[in-house]
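Working notes for the structure below.
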There are 2 protein chains.
Amino acid sequence: MNTSEIVGIIAGIATTASFVPQAYKVYKTKRTHDLSAGMFTLLAFGLIFWLMYGIQKEAVSIIFANSVTLVLTLYILIMKIKHK
Amino acid sequence: MNTSEIVGIIAGIATTASFVPQAYKVYKTKRTHDLSAGMFTLLAFGLIFWLMYGIQKEAVSIIFANSVTLVLTLYILIMKIKHK
């Protein structure tokens, strides 16, 4: 594994994992007032396209990272709609 | 330009642009209570690694998308720390 692959893996893990503390905070507090519905809607839309991109390229890491982020993003978005 | 490139460009624009409504909401309301500091810290860390990855791969679109997202993420994080 070369340096750029390691850097890419760290990048992918960190940006994907970053949605865990936000989803957990929403789960615990049920508070979503300061979150932007526009952000999570546009993000979910973009992640679906990243997923399609990963499938077309047969890139397992892109498919995996974006699937996880999409699930967390949709959870936050649903909670945002539910707890307006 | 083939289909997967177009899908990738839509994905990159949407996920990058998704941070604009959140940054704008924070700018307007100065409210960051429901945002997770952990999310934006881990995200900034990951985006720096995506930026390094883009530089190593000489991939202009990765460099551009992650620079924009990093600036927006750092703005949200600074506001989060400032308006606790």
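We label chains A, B, ... in the order they appear in the structure tokens, count residues from 1 in each chain, and number ligands from 1 in the order shown.
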* Met52 (chain B) surroundings by only C-alpha atoms, 12 Å radius, close-in-sequence under 5 positions cut, as a list in words -> Thr3, Ser4, Glu5, Ile6, Val7, Gly8, Ile9, Ile10 and Ala11 of chain A; Phe45, Gly46, Leu47, Lys57, Glu58, Ala59, Val60, Ile62, Ile63, Phe64, Asn66 and Ser67 of chain B
With N, CA, C and O atoms retained, write the just-selected residues as a compact mmCIF listing (two decimals), in the first residue's frame.
```txt
# COMPACT_ATOMS: atom_id res chain seq x y z
N THR A 3 1.72 5.54 0.07
CA THR A 3 1.34 6.63 0.98
C THR A 3 -0.01 7.23 0.63
O THR A 3 -0.83 7.46 1.52
N SER A 4 -0.27 7.48 -0.66
CA SER A 4 -1.51 8.16 -1.03
C SER A 4 -2.74 7.29 -0.73
O SER A 4 -3.80 7.80 -0.38
N GLU A 5 -2.56 5.97 -0.81
CA GLU A 5 -3.67 5.07 -0.46
C GLU A 5 -3.98 5.15 1.03
O GLU A 5 -5.15 5.17 1.42
N ILE A 6 -2.92 5.19 1.85
CA ILE A 6 -3.09 5.28 3.31
C ILE A 6 -3.78 6.61 3.66
O ILE A 6 -4.72 6.65 4.45
N VAL A 7 -3.30 7.69 3.01
CA VAL A 7 -3.90 9.02 3.23
C VAL A 7 -5.38 8.99 2.85
O VAL A 7 -6.24 9.49 3.58
N GLY A 8 -5.70 8.35 1.74
CA GLY A 8 -7.08 8.25 1.27
C GLY A 8 -7.96 7.45 2.22
O GLY A 8 -9.12 7.82 2.46
N ILE A 9 -7.41 6.38 2.78
CA ILE A 9 -8.17 5.55 3.73
C ILE A 9 -8.45 6.32 5.02
O ILE A 9 -9.59 6.32 5.51
N ILE A 10 -7.42 7.04 5.53
CA ILE A 10 -7.63 7.87 6.74
C ILE A 10 -8.70 8.92 6.45
O ILE A 10 -9.62 9.13 7.26
N ALA A 11 -8.61 9.56 5.28
CA ALA A 11 -9.58 10.59 4.87
C ALA A 11 -10.99 10.02 4.84
O ALA A 11 -11.92 10.60 5.40
N PHE B 45 -10.62 17.31 10.05
CA PHE B 45 -9.46 16.42 10.04
C PHE B 45 -9.47 15.56 8.76
O PHE B 45 -8.48 15.46 8.05
N GLY B 46 -10.61 14.94 8.48
CA GLY B 46 -10.74 14.10 7.29
C GLY B 46 -10.57 14.87 5.99
O GLY B 46 -9.94 14.38 5.05
N LEU B 47 -11.09 16.08 5.96
CA LEU B 47 -11.00 16.90 4.74
C LEU B 47 -9.56 17.32 4.45
O LEU B 47 -9.15 17.41 3.29
N LYS B 57 -2.35 12.96 -5.72
CA LYS B 57 -2.87 12.40 -6.97
C LYS B 57 -2.95 13.45 -8.08
O LYS B 57 -3.34 13.14 -9.21
N GLU B 58 -2.62 14.71 -7.74
CA GLU B 58 -2.74 15.85 -8.67
C GLU B 58 -4.14 15.90 -9.28
O GLU B 58 -4.31 16.13 -10.48
N ALA B 59 -5.15 15.68 -8.44
CA ALA B 59 -6.55 15.66 -8.89
C ALA B 59 -7.22 16.98 -8.50
O ALA B 59 -7.59 17.19 -7.35
N VAL B 60 -7.31 17.86 -9.50
CA VAL B 60 -7.79 19.23 -9.27
C VAL B 60 -9.20 19.25 -8.67
O VAL B 60 -9.47 20.04 -7.77
N ILE B 62 -10.71 17.02 -6.76
CA ILE B 62 -10.67 16.61 -5.34
C ILE B 62 -10.11 17.76 -4.50
O ILE B 62 -10.64 18.07 -3.43
N ILE B 63 -9.05 18.40 -5.00
CA ILE B 63 -8.45 19.54 -4.28
C ILE B 63 -9.49 20.66 -4.13
O ILE B 63 -9.70 21.18 -3.03
N PHE B 64 -10.17 21.00 -5.22
CA PHE B 64 -11.12 22.11 -5.21
C PHE B 64 -12.31 21.82 -4.28
O PHE B 64 -12.61 22.62 -3.39
N ASN B 66 -12.70 19.69 -1.82
CA ASN B 66 -12.37 19.55 -0.41
C ASN B 66 -11.87 20.85 0.22
O ASN B 66 -12.05 21.07 1.41
N SER B 67 -11.26 21.74 -0.60
CA SER B 67 -10.86 23.06 -0.09
C SER B 67 -12.10 23.85 0.29
O SER B 67 -12.16 24.45 1.37
```
* Please return as a PyMOL selection string: the residues of chain B that backbone DSSP assigns to helix (DSSP H, G or I). => chain B and resi 3-17+19-29+37-57+60-82
I'd like a table as a tab-separated table: residues in chain A with an atom no more than 6 Å from chain B, each row giving the shortest atom pair and its distance in Å to one decimal, only C-alpha atoms counted, sorted by chain and rising residue number.
```
residue	atom	partner	partner_atom	distance
A:Ser4	CA	B:Tyr53	CA	5.7
A:Val7	CA	B:Tyr53	CA	5.9
A:Gly8	CA	B:Tyr53	CA	5.7
A:Ala11	CA	B:Gly46	CA	4.4
A:Ala14	CA	B:Gly46	CA	4.7
A:Thr15	CA	B:Leu43	CA	4.9
A:Ser18	CA	B:Met39	CA	4.4
A:Phe19	CA	B:Met39	CA	5.7
A:Pro21	CA	B:Met39	CA	5.6
A:Gln22	CA	B:Ser36	CA	5.0
A:Thr32	CA	B:Asp34	CA	5.9
A:Asp34	CA	B:Asp34	CA	5.3
A:Ser36	CA	B:Gln22	CA	5.0
A:Gly38	CA	B:Pro21	CA	5.8
A:Met39	CA	B:Ser18	CA	4.5
A:Leu42	CA	B:Ser18	CA	5.1
A:Leu43	CA	B:Thr15	CA	4.9
A:Gly46	CA	B:Ala11	CA	4.4
A:Phe49	CA	B:Ala11	CA	4.8
A:Trp50	CA	B:Ala11	CA	5.2
A:Tyr53	CA	B:Gly8	CA	5.7
```
* One decimal, Å: what's the distance from CA of Asn2 (chain B) over to CA of Val68 (chain A), could you say? =>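 Atom-to-atom, CA of Asn2 (chain B) to CA of Val68 (chain A), that is 26.5 Å.
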